[in-house]
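Novice: Sending over input.txt (compact mmCIF, C-alpha atoms).
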```txt
# COMPACT_ATOMS: atom_id res chain seq x y z
CA MET A 1 -35.00 14.84 -11.93
CA LYS A 2 -36.63 11.45 -11.46
CA ILE A 3 -35.34 7.93 -11.12
CA SER A 4 -37.00 4.82 -12.46
CA GLY A 5 -36.66 1.08 -12.31
CA ASP A 6 -38.52 -2.14 -11.68
CA TRP A 7 -37.39 -2.08 -8.05
CA LEU A 8 -39.10 1.30 -7.54
CA THR A 9 -42.46 0.32 -9.00
CA ARG A 10 -42.64 -3.11 -7.37
CA PRO A 11 -46.16 -3.36 -5.87
CA ALA A 12 -44.99 -4.53 -2.44
CA THR A 13 -42.43 -1.72 -2.21
CA GLN A 14 -45.01 0.88 -3.17
CA ALA A 15 -47.52 -0.61 -0.71
CA LEU A 16 -44.97 -0.35 2.10
CA CYS A 17 -44.30 3.28 1.26
CA ALA A 18 -48.03 3.97 1.11
CA ALA A 19 -48.49 2.45 4.58
CA LEU A 20 -45.92 4.86 6.08
CA GLN A 21 -47.42 7.81 4.23
CA ALA A 22 -50.93 6.90 5.35
CA GLY A 23 -49.63 7.04 8.90
CA GLY A 24 -48.67 10.66 8.33
CA HIS A 25 -44.95 10.07 7.78
CA ARG A 26 -42.39 10.87 5.14
CA ILE A 27 -40.66 7.89 3.50
CA LEU A 28 -37.76 8.30 1.06
CA PHE A 29 -35.32 6.06 -0.74
CA VAL A 30 -31.74 7.02 0.06
CA GLY A 31 -28.13 6.25 -0.71
CA GLY A 32 -27.00 3.48 -3.01
CA CYS A 33 -30.31 2.69 -4.67
CA VAL A 34 -30.81 6.34 -5.66
CA ARG A 35 -27.16 6.78 -6.66
CA ASN A 36 -27.06 3.66 -8.84
CA ALA A 37 -30.43 4.36 -10.44
CA LEU A 38 -29.21 7.81 -11.49
CA LEU A 39 -26.05 6.26 -12.95
CA GLY A 40 -27.98 3.56 -14.79
CA GLU A 41 -26.32 0.81 -12.75
CA ALA A 42 -27.82 -2.20 -11.00
CA VAL A 43 -29.64 -1.52 -7.74
CA GLY A 44 -29.02 -3.94 -4.91
CA ASP A 45 -29.94 -3.03 -1.34
CA LEU A 46 -33.04 -0.94 -0.73
CA ASP A 47 -32.42 1.66 1.98
CA LEU A 48 -35.09 4.11 3.04
CA ALA A 49 -35.24 7.02 5.47
CA THR A 50 -38.26 8.27 7.36
CA ASP A 51 -39.34 10.72 10.04
CA ALA A 52 -41.28 7.89 11.73
CA LEU A 53 -39.77 6.42 14.87
CA PRO A 54 -38.70 2.74 14.72
CA ASP A 55 -41.67 1.49 16.75
CA GLN A 56 -44.01 3.44 14.47
CA VAL A 57 -42.35 1.88 11.40
CA MET A 58 -42.85 -1.59 12.84
CA ARG A 59 -46.46 -0.95 13.81
CA LEU A 60 -47.43 0.52 10.43
CA ALA A 61 -45.57 -2.12 8.44
CA GLU A 62 -47.11 -5.00 10.38
CA ALA A 63 -50.57 -3.46 10.14
CA ALA A 64 -50.11 -3.47 6.35
CA GLY A 65 -49.28 -7.18 6.41
CA PHE A 66 -45.49 -7.00 6.22
CA LYS A 67 -42.95 -8.65 8.50
CA ALA A 68 -40.87 -6.11 10.44
CA ILE A 69 -37.59 -7.11 12.10
CA PRO A 70 -35.79 -4.81 14.59
CA THR A 71 -32.37 -5.54 13.05
CA GLY A 72 -30.72 -2.30 14.17
CA ILE A 73 -33.37 -0.70 16.27
CA ASP A 74 -30.82 0.78 18.70
CA HIS A 75 -29.62 2.90 15.78
CA GLY A 76 -33.07 3.51 14.34
CA THR A 77 -33.13 0.78 11.68
CA VAL A 78 -35.96 -1.66 11.02
CA THR A 79 -35.85 -4.25 8.24
CA VAL A 80 -39.19 -4.84 6.57
CA LEU A 81 -39.71 -7.83 4.29
CA ALA A 82 -41.95 -6.76 1.43
CA GLY A 83 -42.43 -8.87 -1.66
CA GLY A 84 -39.73 -11.21 -0.42
CA LEU A 85 -37.11 -8.45 -0.34
CA PRO A 86 -35.60 -6.67 2.66
CA HIS A 87 -36.19 -2.92 2.94
CA GLU A 88 -33.99 -1.25 5.56
CA ILE A 89 -35.89 1.72 6.97
CA THR A 90 -33.97 4.10 9.22
CA THR A 91 -35.34 7.06 11.14
CA PHE A 92 -33.84 10.46 10.31
CA ARG A 93 -30.89 10.93 12.67
CA HIS A 94 -28.14 13.26 13.72
CA ASP A 95 -24.96 12.34 15.59
CA VAL A 96 -24.67 13.18 19.28
CA HIS A 97 -21.27 11.56 19.87
CA THR A 98 -18.79 9.59 17.74
CA ASP A 99 -15.51 7.88 18.60
CA GLY A 100 -14.22 6.91 15.16
CA ARG A 101 -15.96 3.54 15.20
CA HIS A 102 -19.39 3.92 16.83
CA ALA A 103 -21.91 6.72 16.97
CA VAL A 104 -24.51 7.76 19.49
CA VAL A 105 -27.42 9.18 17.52
CA ALA A 106 -30.58 11.10 18.20
CA TYR A 107 -33.71 10.91 16.09
CA SER A 108 -34.72 13.85 13.98
CA THR A 109 -37.51 15.02 11.73
CA ASP A 110 -35.12 17.19 9.72
CA LEU A 111 -34.00 15.73 6.38
CA ALA A 112 -31.07 18.15 6.20
CA GLN A 113 -29.73 16.85 9.52
CA ASP A 114 -29.98 13.30 8.26
CA ALA A 115 -28.15 14.18 5.05
CA ALA A 116 -25.40 16.07 6.89
CA ARG A 117 -24.27 12.95 8.78
CA ARG A 118 -23.72 10.90 5.60
CA ASP A 119 -20.27 10.25 4.18
CA PHE A 120 -20.21 11.49 0.57
CA THR A 121 -22.37 13.96 -1.30
CA MET A 122 -23.29 11.34 -3.91
CA ASN A 123 -24.69 9.17 -1.09
CA ALA A 124 -26.77 12.00 0.39
CA LEU A 125 -29.39 11.82 -2.38
CA TYR A 126 -33.00 10.88 -1.67
CA ALA A 127 -36.02 10.04 -3.80
CA ASP A 128 -39.70 9.92 -2.92
CA PRO A 129 -41.84 6.88 -3.81
CA ALA A 130 -42.70 8.49 -7.17
CA GLY A 131 -38.99 8.69 -8.01
CA GLU A 132 -38.54 12.45 -7.63
CA VAL A 133 -34.98 13.14 -6.52
CA ILE A 134 -34.38 15.29 -3.44
CA ASP A 135 -30.89 16.78 -3.11
CA PRO A 136 -30.51 18.63 0.21
CA LEU A 137 -26.72 19.05 -0.03
CA GLY A 138 -26.12 19.65 -3.72
CA GLY A 139 -24.69 16.20 -4.35
CA LEU A 140 -26.42 15.59 -7.68
CA PRO A 141 -23.87 17.55 -9.78
CA ASP A 142 -21.07 15.62 -8.05
CA LEU A 143 -22.71 12.31 -8.87
CA LEU A 144 -23.37 13.13 -12.50
CA ALA A 145 -19.76 14.30 -12.88
CA ARG A 146 -18.59 11.18 -10.98
CA ARG A 147 -16.80 13.44 -8.52
CA LEU A 148 -16.43 11.95 -5.04
CA ARG A 149 -16.48 14.48 -2.19
CA PHE A 150 -17.04 14.16 1.52
CA VAL A 151 -20.09 15.84 3.02
CA GLY A 152 -18.84 19.01 4.71
CA ASP A 153 -15.42 18.86 6.35
CA PRO A 154 -13.57 15.65 5.30
CA ALA A 155 -11.58 15.46 8.55
CA GLN A 156 -14.76 15.68 10.64
CA ARG A 157 -16.46 12.98 8.57
CA ILE A 158 -13.44 10.70 8.96
CA ARG A 159 -13.15 11.22 12.71
CA GLU A 160 -16.77 10.09 12.99
CA ASP A 161 -15.82 6.74 11.44
CA TYR A 162 -12.30 5.96 10.25
CA LEU A 163 -13.63 3.30 7.89
CA ARG A 164 -14.59 6.24 5.68
CA ILE A 165 -10.94 6.46 4.67
CA LEU A 166 -11.20 3.07 2.99
CA ARG A 167 -14.62 3.92 1.60
CA PHE A 168 -13.15 7.08 0.05
CA PHE A 169 -10.73 4.98 -1.98
CA ARG A 170 -13.25 2.26 -2.73
CA PHE A 171 -15.91 4.68 -3.94
CA SER A 172 -13.30 6.55 -5.98
CA ALA A 173 -12.42 3.30 -7.74
CA THR A 174 -16.06 2.32 -8.24
CA TYR A 175 -17.83 5.59 -9.01
CA GLY A 176 -15.16 8.23 -9.56
CA ASP A 177 -14.00 9.59 -12.91
CA PRO A 178 -10.27 8.71 -13.22
CA ALA A 179 -9.75 11.77 -15.42
CA LEU A 180 -10.76 14.03 -12.52
CA GLY A 181 -8.42 12.41 -10.04
CA MET A 182 -9.28 12.23 -6.36
CA ASP A 183 -10.60 15.16 -4.38
CA ALA A 184 -7.48 16.88 -3.00
CA GLU A 185 -9.07 17.93 0.29
CA GLY A 186 -10.42 14.45 0.93
CA LEU A 187 -7.11 12.82 0.01
CA ALA A 188 -5.20 15.11 2.38
CA ALA A 189 -7.58 14.30 5.23
CA CYS A 190 -7.15 10.56 4.62
CA ALA A 191 -3.38 10.97 4.77
CA ASP A 192 -3.48 13.06 7.94
CA LEU A 193 -5.82 10.68 9.78
CA ALA A 194 -4.54 7.32 8.47
CA ASP A 195 -3.48 6.23 11.97
CA GLY A 196 -7.15 5.95 12.86
CA ILE A 197 -7.40 2.84 10.69
CA ASP A 198 -5.49 0.90 13.35
CA ALA A 199 -8.50 1.13 15.69
CA LEU A 200 -10.88 -0.50 13.20
CA SER A 201 -11.82 -4.16 13.31
CA ARG A 202 -10.06 -6.36 10.79
CA GLU A 203 -13.46 -7.68 9.68
CA ARG A 204 -14.57 -4.21 8.57
CA ILE A 205 -11.25 -3.57 6.85
CA GLY A 206 -11.38 -6.94 5.10
CA ALA A 207 -14.89 -6.33 3.81
CA GLU A 208 -13.89 -2.96 2.34
CA MET A 209 -10.73 -4.33 0.73
CA ARG A 210 -12.65 -7.15 -0.93
CA LYS A 211 -14.98 -4.58 -2.48
CA LEU A 212 -12.15 -2.28 -3.52
CA LEU A 213 -10.19 -5.11 -5.15
CA SER A 214 -13.37 -6.12 -7.01
CA ALA A 215 -13.71 -2.70 -8.68
CA CYS A 216 -13.24 -2.51 -12.43
CA ASP A 217 -9.86 -0.79 -12.03
CA PRO A 218 -8.58 -0.36 -8.47
CA ALA A 219 -5.03 0.53 -9.57
CA PRO A 220 -5.25 4.35 -9.17
CA ALA A 221 -6.95 4.06 -5.78
CA LEU A 222 -4.41 1.55 -4.50
CA ALA A 223 -1.54 3.71 -5.74
CA SER A 224 -2.99 6.69 -3.86
CA MET A 225 -3.42 4.56 -0.75
CA ALA A 226 0.27 3.73 -0.90
CA THR A 227 1.30 7.35 -1.50
CA THR A 228 -0.77 8.64 1.45
CA GLY A 229 0.46 5.93 3.80
CA VAL A 230 -2.98 4.38 4.15
CA LEU A 231 -2.03 1.04 2.59
CA ARG A 232 0.68 0.24 5.15
CA HIS A 233 -1.95 0.40 7.90
CA ILE A 234 -3.83 -2.37 6.12
CA LEU A 235 -1.22 -4.68 4.58
CA THR A 236 2.41 -4.43 5.60
CA GLY A 237 4.66 -4.77 2.58
CA ALA A 238 1.90 -4.46 -0.03
CA ASP A 239 3.08 -3.03 -3.36
CA PRO A 240 0.45 -1.82 -5.86
CA ARG A 241 2.82 -1.33 -8.82
CA TYR A 242 1.72 -4.53 -10.58
CA ILE A 243 -2.03 -3.97 -10.25
CA ALA A 244 -2.25 -1.74 -13.34
CA PRO A 245 -0.48 -4.32 -15.57
CA LEU A 246 -2.78 -7.01 -14.15
CA VAL A 247 -5.91 -4.99 -14.95
CA HIS A 248 -4.58 -4.51 -18.50
CA LEU A 249 -3.97 -8.25 -18.89
CA GLU A 250 -7.43 -9.09 -17.56
CA ALA A 251 -8.89 -7.32 -20.63
CA GLY A 252 -12.48 -7.17 -19.43
CA ALA A 253 -12.45 -10.42 -17.44
CA THR A 254 -14.60 -10.50 -14.34
CA PRO A 255 -12.68 -8.80 -11.48
CA HIS A 256 -11.48 -11.32 -8.92
CA TRP A 257 -10.27 -9.93 -5.61
CA GLN A 258 -8.14 -12.97 -4.70
CA ARG A 259 -6.15 -12.67 -7.93
CA ARG A 260 -5.53 -8.99 -7.28
CA LEU A 261 -4.65 -9.52 -3.63
CA VAL A 262 -1.95 -12.02 -4.60
CA VAL A 263 -0.45 -9.46 -6.97
CA LEU A 264 -0.78 -6.68 -4.40
CA GLY A 265 1.25 -8.79 -1.99
CA GLY A 266 1.82 -7.97 1.65
CA GLN A 267 2.23 -9.98 4.81
CA ASP A 268 -0.26 -11.98 6.83
CA TRP A 269 -3.41 -11.54 4.74
CA ALA A 270 -5.28 -13.97 6.97
CA ASP A 271 -5.11 -11.76 10.05
CA ALA A 272 -5.00 -8.36 8.33
CA LEU A 273 -8.18 -9.00 6.31
CA ARG A 274 -9.74 -11.77 8.40
CA LEU A 275 -9.76 -14.32 5.61
CA SER A 276 -11.77 -17.47 6.20
CA ARG A 277 -9.95 -20.80 6.31
CA SER A 278 -11.27 -21.60 2.85
CA GLU A 279 -10.01 -18.28 1.52
CA GLN A 280 -6.64 -18.77 3.23
CA GLY A 281 -6.21 -22.17 1.61
CA ALA A 282 -7.17 -20.88 -1.85
CA MET A 283 -4.83 -17.91 -1.52
CA ALA A 284 -1.92 -20.11 -0.39
CA ARG A 285 -2.37 -22.49 -3.34
CA LEU A 286 -2.55 -19.59 -5.75
CA ARG A 287 0.51 -17.86 -4.31
CA ASP A 288 2.55 -21.09 -4.33
CA GLN A 289 1.90 -21.71 -8.02
CA ILE A 290 2.61 -18.19 -9.26
CA GLY A 291 6.34 -18.60 -8.70
CA GLY A 292 6.46 -22.02 -10.36
CA THR A 293 6.91 -23.10 -13.94
CA LEU A 294 3.73 -25.06 -14.60
CA SER A 295 2.05 -24.43 -17.95
CA PRO A 296 -1.43 -22.89 -18.16
CA ALA A 297 -2.89 -26.34 -18.77
CA ALA A 298 -1.06 -27.78 -15.77
CA LEU A 299 -2.28 -24.88 -13.61
CA GLY A 300 -5.83 -25.53 -14.77
CA TRP A 301 -5.54 -29.18 -13.75
CA LYS A 302 -3.90 -28.42 -10.40
CA LEU A 303 -6.04 -25.44 -9.33
CA GLY A 304 -9.24 -25.63 -11.36
CA ALA A 305 -10.47 -23.31 -14.10
CA GLN A 306 -10.91 -20.09 -12.07
CA ALA A 307 -7.83 -20.32 -9.86
CA GLY A 308 -5.78 -21.61 -12.79
CA ALA A 309 -6.69 -18.54 -14.82
CA ASP A 310 -5.91 -16.37 -11.78
CA ALA A 311 -2.45 -17.92 -11.52
CA VAL A 312 -1.70 -17.37 -15.20
CA LEU A 313 -2.76 -13.72 -15.07
CA ALA A 314 -1.01 -12.99 -11.78
CA ARG A 315 2.25 -14.56 -12.97
CA ALA A 316 2.19 -12.59 -16.21
CA ALA A 317 1.59 -9.33 -14.32
CA LEU A 318 4.35 -9.94 -11.78
CA LEU A 319 6.85 -11.02 -14.43
CA GLU A 320 5.66 -8.30 -16.81
CA SER A 321 5.40 -10.90 -19.56
CA PRO A 322 2.81 -11.33 -22.32
CA LEU A 323 0.14 -14.00 -22.24
CA LEU A 324 0.27 -16.95 -24.61
CA ALA A 325 -2.33 -16.71 -27.36
CA GLN A 326 -4.22 -19.87 -26.34
CA TRP A 327 -3.77 -19.63 -22.58
CA GLN A 328 -7.47 -19.64 -21.78
CA ALA A 329 -8.11 -22.73 -23.89
CA ASP A 330 -5.12 -24.42 -22.25
CA VAL A 331 -6.42 -23.66 -18.74
CA ALA A 332 -9.82 -25.06 -19.71
CA ARG A 333 -8.16 -28.17 -21.18
CA GLY A 334 -6.27 -28.72 -17.97
CA ALA A 335 -9.32 -28.19 -15.75
CA SER A 336 -11.21 -30.89 -17.64
CA SER A 337 -8.30 -33.37 -17.83
CA ARG A 338 -7.74 -36.44 -15.70
CA PHE A 339 -4.37 -37.88 -14.75
CA PRO A 340 -4.26 -41.04 -16.90
CA VAL A 341 -2.56 -43.33 -14.37
CA ASN A 342 -3.94 -44.70 -11.11
CA SER A 343 -2.65 -46.91 -8.34
CA ALA A 344 -4.05 -50.08 -9.88
CA ASP A 345 -1.82 -49.58 -12.92
CA LEU A 346 1.28 -49.98 -10.75
CA MET A 347 0.14 -52.80 -8.46
CA PRO A 348 1.06 -55.36 -7.30
CA GLN A 349 4.61 -54.58 -8.38
CA LEU A 350 4.61 -51.49 -6.16
CA SER A 351 2.89 -50.75 -2.86
CA GLY A 352 3.12 -48.43 0.13
CA PRO A 353 5.58 -45.52 -0.03
CA ALA A 354 7.14 -46.84 -3.24
CA LEU A 355 3.74 -46.73 -4.95
CA GLY A 356 3.15 -43.15 -3.81
CA ALA A 357 6.59 -42.05 -4.95
CA LYS A 358 6.10 -43.60 -8.38
CA LEU A 359 2.71 -41.94 -8.84
CA ALA A 360 4.21 -38.58 -7.84
CA LEU A 361 7.04 -39.05 -10.35
CA LEU A 362 4.64 -39.94 -13.15
CA GLU A 363 2.41 -36.98 -12.29
CA SER A 364 5.43 -34.67 -12.43
CA ARG A 365 6.35 -36.02 -15.89
CA TRP A 366 2.76 -35.62 -17.07
CA LEU A 367 2.58 -32.01 -15.88
CA ALA A 368 5.96 -31.22 -17.46
CA SER A 369 4.62 -32.56 -20.78
CA ASP A 370 1.80 -30.00 -20.71
CA LEU A 371 -0.56 -32.92 -20.03
CA ARG A 372 0.31 -34.48 -23.39
CA LEU A 373 1.76 -37.81 -22.26
CA THR A 374 -0.73 -40.68 -22.45
CA ARG A 375 -1.19 -43.56 -20.05
CA GLN A 376 0.83 -45.75 -22.40
CA ASP A 377 3.63 -43.17 -22.53
CA LEU A 378 3.80 -42.92 -18.76
CA LEU A 379 3.78 -46.67 -18.15
CA ALA A 380 6.28 -47.52 -20.90
```
Now, as a test, write the supplied structure out as structure tokens.
Specialist:
Amino acid sequence: MKISGDWLTRPATQALCAALQAGGHRILFVGGCVRNALLGEAVGDLDLATDALPDQVMRLAEAAGFKAIPTGIDHGTVTVLAGGLPHEITTFRHDVHTDGRHAVVAYSTDLAQDAARRDFTMNALYADPAGEVIDPLGGLPDLLARRLRFVGDPAQRIREDYLRILRFFRFSATYGDPALGMDAEGLAACADLADGIDALSRERIGAEMRKLLSACDPAPALASMATTGVLRHILTGADPRYIAPLVHLEAGATPHWQRRLVVLGGQDWADALRLSRSEQGAMARLRDQIGGTLSPAALGWKLGAQAGADAVLARAALLESPLLAQWQADVARGASSRFPVNSADLMPQLSGPALGAKLALLESRWLASDLRLTRQDLLA
């Protein structure tokens, strides 16, 4: 089987591969780019594997006119800029020692060893520069069936890096076939080893949760995370029961992880997922408005178009109530509206705290009117 795509035939990419091959080395695309190409999905990062040592990769790439950056050279990874795009080239490796977070690796010339240290069979697929797929572990049938399985023993893979528990659920939501359900052996291993999540950095956990919540339908994965006890290690008090109704209400809308996180609930998102200050502020505003009574138009004015839509959808999911027929148009109307009264309209009769209080009162009346009251109405 062969893969194809503009990214594969890009002249600079092919020239980089040719430079490694001319040096007597094997160079293969690996992981996500091969997986997504076989599924007909967009290809993002370009990861490659080679039997060349990192210093050899840098020397050959630079001799061919490319810029080589030793981004992860301690772990065998060199980033080569070719045609304006980064190509991460990693030397074949096998693990010498792992502690659940970090690995000590040794270089190898054996493709099978390199494949055996990867997380899932669908990620242990390679392709040569001509696009011919190489499947050392039999992962191709799993990929085509959208069946997510760990490479080898699930418990061993997880003990090498406990983040693989979260990746198991995220990849199930993104690439798995819901009709198949999750791999029972992998699910059991995640449940047994869930305590290992506590040793992971909150930054790594937060990055995985953002990706999981951005999947087309994360509801089954989140439900399984709750059942296995994994979710409580990430967000205390989180409840995934309203995620499925939310996904139904979204009806094909672009997935938005903040909207789903608000519905998922839980305590102390900021620390648990290492949210930025900007994200914390946006989440707090969204959460505060969900329990209120503002109309969709008023939410659009108060939060903006995107967050206003998020608030409408999240409220409907949590209250298990239907959406109004014109809610999207109302949110857009609110987002483009301007409060018709300003300070000058009330001066000089009012000033200082009295002026602020009057403006707040008029704003409250305007919002309660679904933004229908005019300037004349408010000042009458």
Novice: Which residues, written as a list in words, have at least one atom at most 8 Å from segment 260-271 of chain A, with all atoms listed in the file counted and residues fewer than 5 positions away on the same chain left out?
Specialist: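 That gives Arg202, Leu213, Leu235, Thr236, Gly237, Ala238, Asp239, Pro240, Arg241, Tyr242, Ile243, Leu246, Ser276, Gln280, Met283, Leu286, Arg287, Ala314, Ala317 and Leu318 of chain A.
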Novice: Taking all atoms listed in the file into account, name the residue in A:Leu163, A:Leu39, A:Ile27, A:Val312 that is nearest to Val57 of chain A.
Specialist: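 Smallest separation from Val57 of chain A among the options: A:Ile27.
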Novice: Please determine an axis-aligned box that encloses all atoms of segment 122-125 of chain A listed in the file, with 4 Å added on each side, and express its centre and edge lengths in Å to one decimal as JSON.
Specialist:
```
{"center_x": -26.3, "center_y": 10.6, "center_z": -1.8, "size_x": 14.1, "size_y": 10.8, "size_z": 12.3}
```
Novice: Write out as a list in words the residues lying within 10 Å of Pro70 of chain A, counting only C-alpha atoms and excluding same-chain residues fewer than 3 positions away.
Specialist: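 Here the answer would be Pro54, Asp55, Val57, Met58, Ile73, Asp74, His75, Gly76, Thr77, Val78, Thr79, Val80 and Glu88 of chain A.
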Novice: Can you work out the spacing between atom CA of Thr109 of chain A and atom CA of Pro86 of chain A in Å, to one decimal?
Specialist: 23.6 Å
Novice: Which residue, A:His233, A:His256, A:Lys2, A:Arg170, has the smallest gap to Ala191 of chain A when you use all atoms listed in the file?
Specialist: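 Checking each of A:His233, A:His256, A:Lys2, A:Arg170 against Ala191 of chain A, counting all atoms listed in the file, the winner is A:His233.
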Novice: What gap, in Å, lies between atom CA of Arg59 of chain A and atom CA of Asp128 of chain A?
Specialist: 21.1 Å
Novice: Using all atoms listed in the file, which protein or nucleic acid residues come within 8 Å of Leu299 of chain A? Drop anything in the same chain fewer than 3 positions from it, and give the result as a list in words.
Specialist: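 Non-adjacent residues within range: Gln289, Leu294, Ser295, Pro296, Lys302, Leu303, Gly304, Gly308, Ala309, Ala311, Val312, Val331 and Gly334 of chain A.
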Novice: What does the file look like for those residues with C-alpha atoms, as an mmCIF file, in the frame of the given file?
Specialist:
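The resulting file, selection-v7.cif, is reproduced below:
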```cif
data_model
loop_
_atom_site.group_PDB
_atom_site.id
_atom_site.type_symbol
_atom_site.label_atom_id
_atom_site.label_comp_id
_atom_site.auth_asym_id
_atom_site.auth_seq_id
_atom_site.Cartn_x
_atom_site.Cartn_y
_atom_site.Cartn_z
ATOM 1 C CA GLN A 289 1.900 -21.710 -8.020
ATOM 2 C CA LEU A 294 3.730 -25.060 -14.600
ATOM 3 C CA SER A 295 2.050 -24.430 -17.950
ATOM 4 C CA PRO A 296 -1.430 -22.890 -18.160
ATOM 5 C CA LYS A 302 -3.900 -28.420 -10.400
ATOM 6 C CA LEU A 303 -6.040 -25.440 -9.330
ATOM 7 C CA GLY A 304 -9.240 -25.630 -11.360
ATOM 8 C CA GLY A 308 -5.780 -21.610 -12.790
ATOM 9 C CA ALA A 309 -6.690 -18.540 -14.820
ATOM 10 C CA ALA A 311 -2.450 -17.920 -11.520
ATOM 11 C CA VAL A 312 -1.700 -17.370 -15.200
ATOM 12 C CA VAL A 331 -6.420 -23.660 -18.740
ATOM 13 C CA GLY A 334 -6.270 -28.720 -17.970
#
```
Novice: Skip Asp345 of chain A itself and residues of its chain fewer than 3 positions away, then list as JSON, numbers by chain all residues within 12 Å of it, counting only C-alpha atoms.
Specialist: {"A": [340, 341, 342, 348, 349, 350, 351, 355, 358, 359, 362, 375, 376, 378, 379, 380]}
Novice: Atom CA of Leu313 of chain A and atom CA of Arg259 of chain A are how many Å apart?
Specialist: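 If I compute the distance from atom CA of Leu313 of chain A to atom CA of Arg259 of chain A, I get 8.0 Å.
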Novice: May I have the protein, DNA and RNA residues with any atom at most 7 Å from the point (-11.7, -28.6, -16.2), counting all atoms listed in the file, written as a CSV table (one decimal) with C-alpha atoms, keeping the file's coordinate frame?
Specialist:
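Output contents, as saved in result_7.csv:
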```csv
chain,number,residue,atom,x,y,z
A,300,GLY,CA,-5.8,-25.5,-14.8
A,301,TRP,CA,-5.5,-29.2,-13.8
A,304,GLY,CA,-9.2,-25.6,-11.4
A,305,ALA,CA,-10.5,-23.3,-14.1
A,332,ALA,CA,-9.8,-25.1,-19.7
A,333,ARG,CA,-8.2,-28.2,-21.2
A,334,GLY,CA,-6.3,-28.7,-18.0
A,335,ALA,CA,-9.3,-28.2,-15.8
A,336,SER,CA,-11.2,-30.9,-17.6
A,337,SER,CA,-8.3,-33.4,-17.8
```
Novice: Could you list, as a PyMOL selection string, every residue within 7 Å of Gly139 of chain A, counting all atoms listed in the file and ignoring same-chain residues fewer than 6 positions away?
Specialist: chain A and resi 121-122+124-125
Novice: Find, counting only C-alpha atoms, the residue in A:Leu193, A:Leu148, A:Leu323, A:Ala64 that gets nearest to Asp161 of chain A.
Specialist: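 Answer, going by the shortest atom-to-atom distance: A:Leu193.
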Novice: I'd like to know which of A:Ala130, A:Leu46, A:Ala329, A:Leu38 is closest to Gln14 of chain A, using all atoms listed in the file.
Specialist: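 Looking at the shortest contact to Gln14 of chain A, the residue is A:Ala130.
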Novice: Taking only C-alpha atoms into account, name the residue in A:Gly83, A:Arg146, A:Gly72, A:Phe66 that is nearest to Arg35 of chain A.
Specialist: A:Arg146
Novice: Which residue out of A:Ser343, A:Cys216, A:Val34, A:Val247 has the minimum interatomic distance to Ala357 of chain A when all atoms listed in the file are used?
Specialist: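 Smallest distance to Ala357 of chain A is found for A:Ser343.
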